[in-house]
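Structure data (mmCIF, C-alpha atoms) from my_file_20.cif:
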data_start
#
loop_
_atom_site.label_atom_id
_atom_site.label_comp_id
_atom_site.auth_asym_id
_atom_site.auth_seq_id
_atom_site.Cartn_x
_atom_site.Cartn_y
_atom_site.Cartn_z
CA ILE A 1 65.79 62.61 71.31
CA SER A 2 67.71 59.35 71.63
CA TYR A 3 68.00 57.05 74.62
CA PHE A 4 71.62 58.02 75.11
CA GLN A 5 70.78 61.75 75.02
CA VAL A 6 68.20 61.18 77.77
CA VAL A 7 70.77 59.33 79.90
CA SER A 8 73.32 62.08 79.27
CA GLN A 9 70.90 64.83 80.35
CA ILE A 10 69.88 62.94 83.49
CA LEU A 11 73.51 62.38 84.48
CA GLU A 12 74.36 66.02 83.77
CA LYS A 13 71.47 67.18 85.96
CA GLU A 14 72.50 64.84 88.79
CA SER A 15 76.12 65.97 88.59
CA LYS A 16 75.09 69.42 89.77
CA ASP A 17 74.24 67.87 93.13
CA THR A 18 77.68 66.30 93.67
CA ILE A 19 80.61 67.51 95.71
CA ASP A 20 82.92 66.60 92.82
CA ASP A 21 81.02 69.00 90.56
CA PHE A 22 81.05 71.75 93.19
CA ILE A 23 84.85 71.50 93.43
CA GLU A 24 85.24 71.66 89.65
CA ASN A 25 82.74 74.46 89.05
CA GLN A 26 83.10 76.67 92.10
CA ILE A 27 86.23 75.88 94.15
CA LYS A 28 88.42 75.89 91.06
CA LYS A 29 87.22 79.41 90.20
CA THR A 30 87.38 80.96 93.67
CA LYS A 31 90.34 79.28 95.38
CA ALA A 32 94.07 79.12 94.74
CA ASP A 33 95.31 76.13 92.78
CA SER A 34 96.88 74.70 95.96
CA SER A 35 93.52 74.75 97.81
CA TYR A 36 91.69 73.29 94.80
CA THR A 37 94.18 70.40 94.66
CA THR A 38 93.90 69.80 98.42
CA TYR A 39 90.09 69.57 98.23
CA GLN A 40 90.37 67.17 95.30
CA ASN A 41 92.79 64.91 97.17
CA HIS A 42 90.83 65.00 100.43
CA LEU A 43 87.57 64.14 98.67
CA LYS A 44 89.30 61.26 96.95
CA GLY A 45 90.69 60.05 100.29
CA PHE A 46 87.28 60.34 102.00
CA LYS A 47 85.54 58.36 99.25
CA LYS A 48 88.19 55.66 99.42
CA LEU A 49 87.80 55.53 103.21
CA ILE A 50 84.03 54.91 103.08
CA GLY A 51 84.26 52.68 99.98
CA HIS A 52 82.29 55.02 97.72
CA ARG A 53 82.76 54.80 93.96
CA GLY A 54 81.96 57.55 91.50
CA ALA A 55 80.78 61.06 92.32
CA LEU A 56 79.69 61.78 95.90
CA SER A 57 76.43 63.70 96.21
CA PHE A 58 75.55 65.99 99.10
CA ASN A 59 72.62 63.67 99.85
CA ASP A 60 75.12 60.86 100.51
CA LEU A 61 76.44 62.74 103.53
CA LYS A 62 74.34 61.51 106.42
CA ASN A 63 75.23 61.18 110.10
CA GLU A 64 75.72 57.44 109.57
CA THR A 65 78.31 58.22 106.87
CA PHE A 66 80.57 60.03 109.33
CA ILE A 67 80.03 57.43 112.07
CA ARG A 68 81.05 54.69 109.62
CA ALA A 69 83.99 56.74 108.33
CA HIS A 70 85.28 57.20 111.88
CA SER A 71 84.84 53.49 112.68
CA ILE A 72 86.79 52.45 109.59
CA ALA A 73 89.45 55.08 110.28
CA VAL A 74 90.02 53.75 113.82
CA LYS A 75 90.63 50.25 112.40
CA ARG A 76 92.95 51.54 109.69
CA GLN A 77 94.86 53.63 112.21
CA ALA A 78 95.45 50.49 114.30
CA GLU A 79 96.67 48.71 111.15
CA GLY A 80 99.04 51.57 110.42
CA THR A 81 97.45 52.44 107.04
CA LEU A 82 95.91 55.79 108.04
CA ALA A 83 97.26 58.67 110.12
CA SER A 84 95.22 60.98 112.32
CA LYS A 85 96.36 64.00 110.30
CA SER A 86 95.00 62.50 107.06
CA PHE A 87 91.64 61.64 108.60
CA ARG A 88 91.32 65.10 110.13
CA GLY A 89 92.10 66.63 106.73
CA TYR A 90 89.42 64.54 104.98
CA ILE A 91 86.67 65.45 107.45
CA SER A 92 87.66 69.11 107.71
CA SER A 93 87.62 69.52 103.92
CA ILE A 94 84.25 67.80 103.50
CA LEU A 95 82.63 69.97 106.17
CA THR A 96 84.14 73.13 104.67
CA LEU A 97 82.89 72.16 101.20
CA VAL A 98 79.36 71.62 102.53
CA ARG A 99 79.34 75.02 104.26
CA GLU A 100 80.57 76.79 101.14
CA ALA A 101 78.17 74.87 98.89
CA LYS A 102 75.28 75.96 101.11
CA PHE A 103 76.45 79.57 100.89
CA TYR A 104 76.51 79.43 97.08
CA GLY A 105 73.13 77.68 96.94
CA PHE A 106 74.38 74.28 95.75
CA THR A 107 72.75 72.49 98.70
CA GLU A 108 70.56 72.98 101.74
CA LEU A 109 72.51 70.38 103.72
CA ASN A 110 73.47 71.42 107.24
CA LEU A 111 75.93 69.18 109.07
CA ASP A 112 76.62 69.27 112.80
CA ILE A 113 79.06 66.45 113.43
CA PRO A 114 80.16 65.84 117.05
CA ARG A 115 83.86 66.40 117.67
CA GLN A 116 84.47 62.74 118.51
CA TYR A 117 83.78 61.78 114.88
CA LYS A 118 86.09 64.42 113.41
CA ASN A 119 89.39 63.30 114.93
CA LEU A 120 91.56 60.34 115.78
CA THR A 121 93.90 60.24 118.77
CA LYS A 122 97.32 61.23 117.43
CA ILE A 123 99.39 59.13 119.84
CA LYS A 124 97.68 56.00 118.48
CA ASP A 125 99.22 56.54 115.02
CA ALA A 126 101.51 53.67 114.06
CA SER A 127 104.16 56.23 113.06
CA TYR A 128 104.00 58.05 116.40
CA HIS A 129 107.15 57.18 118.33
CA ILE A 130 109.94 58.99 120.10
CA THR A 131 112.14 59.31 116.99
CA LYS A 132 109.34 60.41 114.65
CA ASN A 133 110.41 64.04 114.54
CA LYS A 134 114.13 63.37 114.13
CA GLY A 135 115.70 65.80 111.66
CA ASN A 136 118.80 65.43 109.49
CA THR A 137 122.36 65.82 110.77
CA THR A 138 125.45 67.75 109.69
CA GLU A 139 127.20 64.42 109.14
CA GLN A 140 124.47 63.32 106.70
CA ILE A 141 124.91 66.48 104.66
CA PHE A 142 128.71 66.13 104.70
CA LYS A 143 128.40 62.55 103.44
CA ALA A 144 125.92 63.55 100.72
CA ILE A 145 128.26 66.30 99.46
CA GLN A 146 131.15 63.87 99.38
CA GLU A 147 129.21 61.23 97.43
CA CYS A 148 127.34 63.43 94.92
CA ASN A 149 128.73 63.42 91.39
CA SER A 150 126.27 65.39 89.23
CA ILE A 151 125.13 69.00 89.05
CA GLN A 152 121.55 67.89 89.78
CA GLN A 153 122.55 66.04 92.96
CA TRP A 154 124.70 68.98 94.06
CA GLN A 155 121.83 71.37 93.43
CA SER A 156 119.38 69.38 95.56
CA ILE A 157 121.80 69.23 98.51
CA ALA A 158 122.62 72.93 98.15
CA LEU A 159 118.90 73.82 98.17
CA TRP A 160 118.52 71.89 101.45
CA VAL A 161 121.43 73.79 103.03
CA PHE A 162 120.00 77.09 101.77
CA ALA A 163 116.55 76.21 103.18
CA PHE A 164 118.19 75.48 106.55
CA GLY A 165 120.10 78.77 106.36
CA MET A 166 116.79 80.59 105.85
CA ARG A 167 115.37 79.10 109.07
CA GLY A 168 113.49 76.30 107.35
CA PHE A 169 112.27 77.44 103.94
CA TYR A 170 110.06 75.15 101.83
CA TYR A 171 110.25 74.93 98.02
CA GLY A 172 107.33 77.38 97.79
CA ASP A 173 109.31 79.92 99.83
CA ILE A 174 112.29 79.60 97.50
CA ALA A 175 110.08 79.93 94.39
CA SER A 176 108.56 83.17 95.68
CA LEU A 177 111.76 84.85 96.96
CA LYS A 178 112.45 88.18 95.22
CA GLN A 179 114.95 91.04 95.64
CA LYS A 180 112.05 93.43 96.33
CA ASP A 181 111.49 91.49 99.59
CA ILE A 182 114.66 93.10 100.97
CA LYS A 183 113.45 95.85 103.29
CA ASP A 184 114.67 97.80 106.27
CA ALA A 185 112.99 97.78 109.66
CA GLU A 186 110.70 100.60 108.49
CA ASP A 187 109.32 98.37 105.69
CA LYS A 188 111.07 100.37 102.94
CA GLU A 189 112.34 98.45 99.90
CA ILE A 190 116.13 98.70 99.62
CA GLY A 191 116.93 95.64 97.47
CA HIS A 192 117.56 97.80 94.41
CA LEU A 193 120.36 99.72 96.15
CA LEU A 194 123.95 98.61 95.50
CA SER A 195 124.90 99.61 99.05
CA THR A 196 122.53 96.96 100.41
CA PHE A 197 124.70 94.14 99.09
CA LEU A 198 127.99 95.73 100.14
CA LYS A 199 127.26 95.19 103.83
CA ASP A 200 126.15 92.15 105.77
CA ASP A 201 122.77 93.59 106.72
CA ILE A 202 120.33 92.04 104.24
CA HIS A 203 116.87 91.27 105.65
CA VAL A 204 113.77 90.09 103.81
CA TYR A 205 110.14 90.44 104.78
CA HIS A 206 108.76 87.07 103.84
CA ARG A 207 105.44 85.30 104.28
CA ARG A 208 105.90 81.59 104.79
CA SER A 209 104.46 79.48 101.98
CA LYS A 210 102.72 77.38 104.62
CA GLY A 211 100.20 79.55 106.45
CA GLU A 212 101.64 82.86 105.14
CA HIS A 213 102.94 83.82 108.58
CA PRO A 214 105.11 86.98 108.17
CA MET A 215 108.80 86.67 109.03
CA TYR A 216 111.76 89.08 108.98
CA ILE A 217 114.82 87.03 108.07
CA LYS A 218 118.46 87.99 107.77
CA ILE A 219 120.30 86.56 104.75
CA PHE A 220 123.87 86.32 105.99
CA LYS A 221 126.12 87.40 103.14
CA TYR A 222 128.50 84.54 103.91
CA PRO A 223 127.60 81.78 103.52
CA VAL A 224 123.83 81.97 102.83
CA LEU A 225 123.71 84.67 100.12
CA ASN A 226 126.85 83.27 98.47
CA LEU A 227 125.24 79.82 98.37
CA LEU A 228 122.03 81.27 96.93
CA GLN A 229 123.96 82.85 94.07
CA ARG A 230 125.75 79.57 93.32
CA ILE A 231 122.42 77.75 93.25
CA LYS A 232 120.93 80.42 90.97
CA MET A 233 123.61 79.92 88.32
CA SER A 234 123.34 76.13 88.52
CA VAL A 235 119.57 76.40 87.99
CA VAL A 236 120.16 78.61 84.93
CA TYR A 237 122.13 75.67 83.49
CA THR A 238 119.75 72.84 84.49
CA HIS A 239 116.40 74.60 83.95
CA CYS A 240 117.04 76.98 81.03
CA ASP A 241 114.53 75.08 78.87
CA LYS A 242 111.81 74.75 81.53
CA ARG A 243 108.68 76.76 80.75
CA LEU A 244 105.31 77.24 82.37
CA ASN A 245 102.44 78.66 80.32
CA GLY A 246 104.95 79.58 77.64
CA LYS A 247 107.20 81.57 79.98
CA SER A 248 110.63 80.73 81.39
CA ILE A 249 110.56 79.76 85.07
CA LEU A 250 113.98 81.31 85.73
CA GLY A 251 114.38 84.35 87.93
CA SER A 252 115.78 87.52 86.38
CA ILE A 253 119.57 87.73 86.01
CA ASN A 254 119.27 91.17 87.62
CA ASP A 255 117.49 89.84 90.71
CA GLN A 256 120.08 88.50 93.14
CA LEU A 257 117.55 86.60 95.28
CA SER A 258 115.27 85.20 92.59
CA ILE A 259 116.11 81.63 91.60
CA PHE A 260 112.70 80.94 90.05
CA ASN A 261 109.95 83.16 88.73
CA TYR A 262 106.50 81.56 88.60
CA ASP A 263 103.31 81.55 90.65
CA TYR A 264 103.58 78.25 92.50
CA LYS A 265 100.25 78.66 94.33
CA ASN A 266 98.23 78.72 91.12
CA ASN A 267 100.34 75.99 89.52
CA ILE A 268 100.66 73.66 92.48
CA LYS A 269 100.59 70.36 90.54
CA TRP A 270 103.31 71.56 88.20
CA HIS A 271 105.29 72.95 91.15
CA ASN A 272 105.04 69.68 93.09
CA GLN A 273 106.08 67.68 90.05
CA MET A 274 109.16 69.84 89.52
CA THR A 275 110.24 69.79 93.16
CA LYS A 276 109.84 65.99 93.30
CA HIS A 277 112.92 65.89 91.11
CA PHE A 278 114.99 67.59 93.82
CA GLN A 279 113.58 65.35 96.56
CA LYS A 280 114.33 62.24 94.50
CA LYS A 281 118.00 63.25 94.36
CA LEU A 282 118.08 63.69 98.15
CA LYS A 283 116.35 60.42 99.01
CA LYS A 284 119.40 58.24 98.36
CA TYR A 285 121.26 60.15 101.09
CA GLY A 286 118.46 59.80 103.67
CA ILE A 287 117.77 63.56 103.51
CA THR A 288 114.25 65.02 103.39
CA PHE A 289 113.81 68.59 102.18
CA LYS A 290 110.97 69.46 104.56
CA LYS A 291 113.16 68.37 107.47
CA ALA A 292 115.34 71.46 106.98
CA ARG A 293 112.90 73.45 109.12
CA LYS A 294 112.55 70.64 111.65
CA THR A 295 116.34 70.32 111.81
CA PHE A 296 116.75 74.07 112.36
CA ASN A 297 114.35 73.92 115.30
CA GLN A 298 116.14 70.93 116.81
CA GLU A 299 119.53 72.59 116.45
CA ALA A 300 118.06 75.54 118.38
CA GLN A 301 116.82 73.03 120.98
CA LYS A 302 120.37 71.72 121.39
CA LEU A 303 121.47 75.29 122.13
CA GLN A 304 118.72 75.44 124.81
CA MET A 305 116.83 78.28 123.14
CA SER A 306 113.42 78.92 124.63
CA GLN A 307 110.22 77.85 122.93
CA ASN A 308 109.27 81.46 122.26
CA GLU A 309 112.66 82.13 120.63
CA ARG A 310 112.21 79.10 118.41
CA PHE A 311 108.66 80.20 117.51
CA ILE A 312 110.02 83.51 116.21
CA LEU A 313 112.94 81.87 114.39
CA ILE A 314 110.86 79.37 112.40
CA GLY A 315 107.79 81.57 111.92
CA HIS A 316 105.46 79.64 114.19
CA LYS A 317 102.37 81.53 115.35
CA GLU A 318 101.23 79.13 118.09
CA GLY A 319 101.61 79.90 121.76
CA GLY A 320 99.72 82.94 122.99
CA LYS A 321 98.11 83.79 119.65
CA VAL A 322 96.37 86.93 120.91
CA ILE A 323 99.54 88.58 122.19
CA THR A 324 101.75 87.44 119.28
CA GLN A 325 99.31 88.50 116.57
CA SER A 326 97.78 91.62 118.10
CA TYR A 327 100.33 93.14 120.46
CA ASP A 328 103.90 91.98 119.71
CA ASP A 329 106.15 94.06 117.44
CA ASN A 330 108.66 91.68 115.88
CA THR A 331 110.53 94.55 114.18
CA LEU A 332 111.86 96.16 117.36
CA PRO A 333 115.58 96.85 116.68
CA GLN A 334 116.62 95.16 119.94
CA LEU A 335 114.56 92.07 119.09
CA LEU A 336 115.86 91.90 115.52
CA LYS A 337 119.46 91.95 116.72
CA SER A 338 118.66 89.26 119.24
CA VAL A 339 116.92 87.07 116.64
CA ASP A 340 119.78 87.53 114.16
CA LYS A 341 122.23 86.49 116.87
CA LEU A 342 120.20 83.34 117.63
CA HIS A 343 119.93 82.61 113.91
CA LEU A 344 123.71 82.84 113.52
CA GLN A 345 124.28 80.59 116.54
CA VAL A 346 122.17 77.87 114.90
CA LEU A 347 124.08 78.20 111.61
CA GLU A 348 127.42 77.96 113.44
CA SER A 349 126.25 74.98 115.49
CA PHE A 350 125.23 73.11 112.33
CA LYS A 351 128.55 74.07 110.65
CA VAL A 352 126.86 75.77 107.68
CA GLU A 353 130.07 77.60 106.69
CA ASP A 354 131.89 74.26 106.45
CA LEU A 355 128.99 72.84 104.44
CA TYR A 356 129.19 75.78 102.02
CA ASP A 357 132.95 75.41 101.60
CA ARG A 358 132.57 71.72 100.80
CA LEU A 359 129.70 72.43 98.42
CA LEU A 360 131.83 75.00 96.60
CA VAL A 361 134.78 72.61 96.25
CA LYS A 362 132.45 69.86 95.01
CA LEU A 363 130.76 72.21 92.51
CA LYS A 364 134.14 73.18 91.03
CA ALA A 365 135.09 69.50 90.80
CA ILE A 366 131.83 68.60 89.02
CA VAL A 367 132.16 71.52 86.56
CA MET A 368 135.73 70.46 85.67
CA LYS A 369 135.02 66.71 85.55
CA LYS A 370 131.83 67.00 83.50
CA ASP A 371 133.24 69.83 81.34
CA LEU A 372 130.32 72.12 82.21
CA PRO A 373 130.26 75.87 81.40
CA LYS A 374 132.55 77.75 83.77
CA TRP A 375 130.00 80.57 84.19
CA ILE A 376 128.19 78.20 86.59
CA LEU A 377 130.97 79.17 89.04
CA SER A 378 130.33 82.88 88.63
CA GLN A 379 130.57 85.10 91.67
CA GLY A 380 129.44 88.67 92.09
CA ALA A 381 127.67 90.85 89.54
CA VAL A 382 127.14 90.29 85.81
CA HIS A 383 128.88 92.85 83.60
CA ARG A 384 127.77 93.85 80.11
CA ASP A 385 130.46 94.10 77.42
CA GLY A 386 128.78 95.08 74.14
CA ARG A 387 126.37 92.23 73.32
CA LYS A 388 128.06 89.88 75.78
CA LEU A 389 127.59 89.31 79.50
CA LYS A 390 130.74 88.69 81.55
CA VAL A 391 131.10 87.16 85.00
CA LEU A 392 134.01 86.53 87.35
CA THR A 393 134.42 82.79 87.95
CA GLY A 394 137.29 82.86 90.46
#
The structure in this file should be written as structure tokens.
Amino acid sequence: ISYFQVVSQILEKESKDTIDDFIENQIKKTKADSSYTTYQNHLKGFKKLIGHRGALSFNDLKNETFIRAHSIAVKRQAEGTLASKSFRGYISSILTLVREAKFYGFTELNLDIPRQYKNLTKIKDASYHITKNKGNTTEQIFKAIQECNSIQQWQSIALWVFAFGMRGFYYGDIASLKQKDIKDAEDKEIGHLLSTFLKDDIHVYHRRSKGEHPMYIKIFKYPVLNLLQRIKMSVVYTHCDKRLNGKSILGSINDQLSIFNYDYKNNIKWHNQMTKHFQKKLKKYGITFKKARKTFNQEAQKLQMSQNERFILIGHKEGGKVITQSYDDNTLPQLLKSVDKLHLQVLESFKVEDLYDRLLVKLKAIVMKKDLPKWILSQGAVHRDGRKLKVLTG
């Protein structure tokens, strides 16, 4: 056996005692891709915080390590280079990894870190100020629509408006939306019925991509569903060659709600990379995609809706968790009508119908100016004529 083989075997043996190795060998197998990526990033952030290079072993995690990490974090928070949320994420992930590693027999380490070393005071964050939570405005969206001149820019703005219309969807929510989610108040699937789309009474049971909190959301036929169908056809044009694991990422032509069709949770890096493209197109207009939900909440605030009403609208589970999770029935017909009414009031306040009209005019202008296929403007169903598919473009 050579010297280098000895070194290799020693290093391989030691690697079994590292948190890095535990993430690669155990977390990757048992957790969703999104969780695996989060643990990777949080471990990387923690190591950078304490100045540790290379793999981090369980034996490196001593009480002094967390005391030093907290001390450095306090200084970096004051400098404005670290936020309380990031620090809390690092510590929470490390402690969770240690608990799971002990369960699987990777370590005997048992950590009991006092609360004071797990958190930073949020109001001391450099970014914490009175305008921190400010959302986007109708005027910003109007201006963006006016200035955009490509199908990709139009698509990114339209996705933001659609996300707002769905009470603050994220990209993950849009990627997972399917026609089978359309259900009645009795939880029966009705998305396959033609009659469902003939009336303005389309509701989806949807679990939010963040936290998987269940929501029952009305898709108003005009303008939200109409906008969704415009976006769908534009994505067919811009993403027809995009594949993941050898399969097209496009939703079925027969599924009126499905823009994309891929498992974003188990392909989180790929998903994030793709959605960065949309965000990049929005950045020049000062619009942030994730602010669609924040903006929806603030528009409801302007209308003086109660906190509880806003919790239901945006799928927030805080505030009386026991009663909301164990006793409340959010499918009561009277409640659903009330929530739909509040939802519509927010859309009207933000002038979503005007936004859709302007988006439609701009889309037609871009299609004509860039000489793009006119089927991008299709409206309504797709009709089969022999081997061809026909659509009405208006």
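Every protein or nucleic acid residue with an atom no more than 9 Å from range 100-109 of chain A, counting all atoms listed in the file and leaving out same-chain residues fewer than 3 positions away, appears here: Lys16, Asp17, Thr18, Ile19, Phe22, Gln26, Phe58, Asn59, Leu61, Leu95, Thr96 and Leu97 of chain A.
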Counting only C-alpha atoms, select every polymer residue within 10 Å of (119.8, 98.2, 94.8) as defined in the file's coordinates, and provide the selection as a CSV table (one decimal) with C-alpha atoms, in the frame of the given file.
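File result-v9.csv, as written:
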chain,number,residue,atom,x,y,z
A,179,GLN,CA,115.0,91.0,95.6
A,180,LYS,CA,112.0,93.4,96.3
A,182,ILE,CA,114.7,93.1,101.0
A,189,GLU,CA,112.3,98.4,99.9
A,190,ILE,CA,116.1,98.7,99.6
A,191,GLY,CA,116.9,95.6,97.5
A,192,HIS,CA,117.6,97.8,94.4
A,193,LEU,CA,120.4,99.7,96.2
A,194,LEU,CA,124.0,98.6,95.5
A,195,SER,CA,124.9,99.6,99.0
A,196,THR,CA,122.5,97.0,100.4
A,197,PHE,CA,124.7,94.1,99.1
A,255,ASP,CA,117.5,89.8,90.7
A,256,GLN,CA,120.1,88.5,93.1
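Picked out by the PyMOL selection byres ((chain A and resi 207) around 10) when it runs on this file: Asp173, Ser176, Leu177, Asp181, Val204, Tyr205, His206, Arg208, Ser209, Lys210, Gly211, Glu212, His213, Pro214, Met215, Tyr216 and Gly315 of chain A.
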Residue neighbourhood range 135-137 of chain A, 6 Å, only C-alpha atoms, exclusion window fewer than 2 positions, as number ranges by chain: A: 139-140, 291, 294-295
Could you pull the residues within 9 Å of Asn267 in chain A, counting all atoms listed in the file, minus those fewer than 6 positions along the same chain, as a VMD selection string? chain A and resid 32 to 34 244
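With distances taken over all atoms listed in the file, A:Gly51 is the one residue among A:Gly89, A:Lys124, A:Gly51, A:Leu313 lying closest to Ile72 in chain A.
Across the model, the gap from CA of Gln152 in chain A to CA of Phe296 in chain A is 23.9 Å.
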Might you spell out which residues the PyMOL selection byres ((chain A and resi 269) around 12) would select in the displayed file, as number ranges by chain? A: 32-38, 40-41, 244, 263-268, 270-276
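Atom to atom, CA of Leu49 in chain A and CA of Ala69 in chain A stand 6.5 Å apart.
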Please produce, as JSON lines, a per-residue contact table for range 227-303 of chain A versus range 360-381 of chain A (criterion: any atom at most 8 Å away, all atoms listed in the file considered), showing the nearest atom pair and its distance in Å to one decimal, sorted by chain then residue number.
{"residue": "A:Gln229", "atom": "CA", "partner": "A:Gln379", "partner_atom": "CA", "distance": 7.4}
{"residue": "A:Arg230", "atom": "CA", "partner": "A:Leu377", "partner_atom": "CA", "distance": 6.8}
{"residue": "A:Met233", "atom": "CA", "partner": "A:Ile376", "partner_atom": "CA", "distance": 5.2}
{"residue": "A:Ser234", "atom": "CA", "partner": "A:Ile376", "partner_atom": "CA", "distance": 5.6}
{"residue": "A:Tyr237", "atom": "CA", "partner": "A:Ile376", "partner_atom": "CA", "distance": 7.3}
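CA of Asn261 in chain A is positioned 27.5 Å from CA of Ile312 in chain A.
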Neighbours of point (117.6, 80.5, 90.9) within 9 Å, using all atoms listed in the file, written as a PyMOL selection string: chain A and resi 174-175+228-236+250-253+256-261
What are the closest atom pairs, with distances in Å to one decimal, for all residues of range 18-98 of chain A lying within 7 Å of range 116-120 of chain A? Consider all atoms listed in the file, order rows by chain and residue number, and present the result as a tab-separated table.
residue	atom	partner	partner_atom	distance
A:Phe66	CA	A:Tyr117	CA	6.6
A:Ile67	CA	A:Tyr117	CA	6.4
A:His70	CA	A:Tyr117	CA	5.7
A:Ser84	CA	A:Leu120	CA	5.1
A:Phe87	CA	A:Asn119	CA	6.9
A:Arg88	CA	A:Asn119	CA	5.5
A:Ile91	CA	A:Lys118	CA	6.1
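Proximity ranking of A:Lys143, A:His239, A:Lys47, A:His52 relative to Ile94 in chain A places A:Lys47 first, based on all atoms listed in the file.
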Mind telling me what the PyMOL selection byres ((chain A and resi 342) around 10) catches here, as a list in words? Ala300, Leu303, Met305, Glu309, Arg310, Leu313, Leu336, Lys337, Ser338, Val339, Asp340, Lys341, His343, Leu344, Gln345, Val346, Leu347 and Glu348 of chain A
Around range 163-182 of chain A, with edges along x, y and z and 6 Å added on all six sides, what centre and edge lengths do you get, in Å to one decimal, as lines of an AutoDock Vina configuration file?
center_x = 113.7
center_y = 84.2
center_z = 101.7
size_x = 24.8
size_y = 30.5
size_z = 26.7
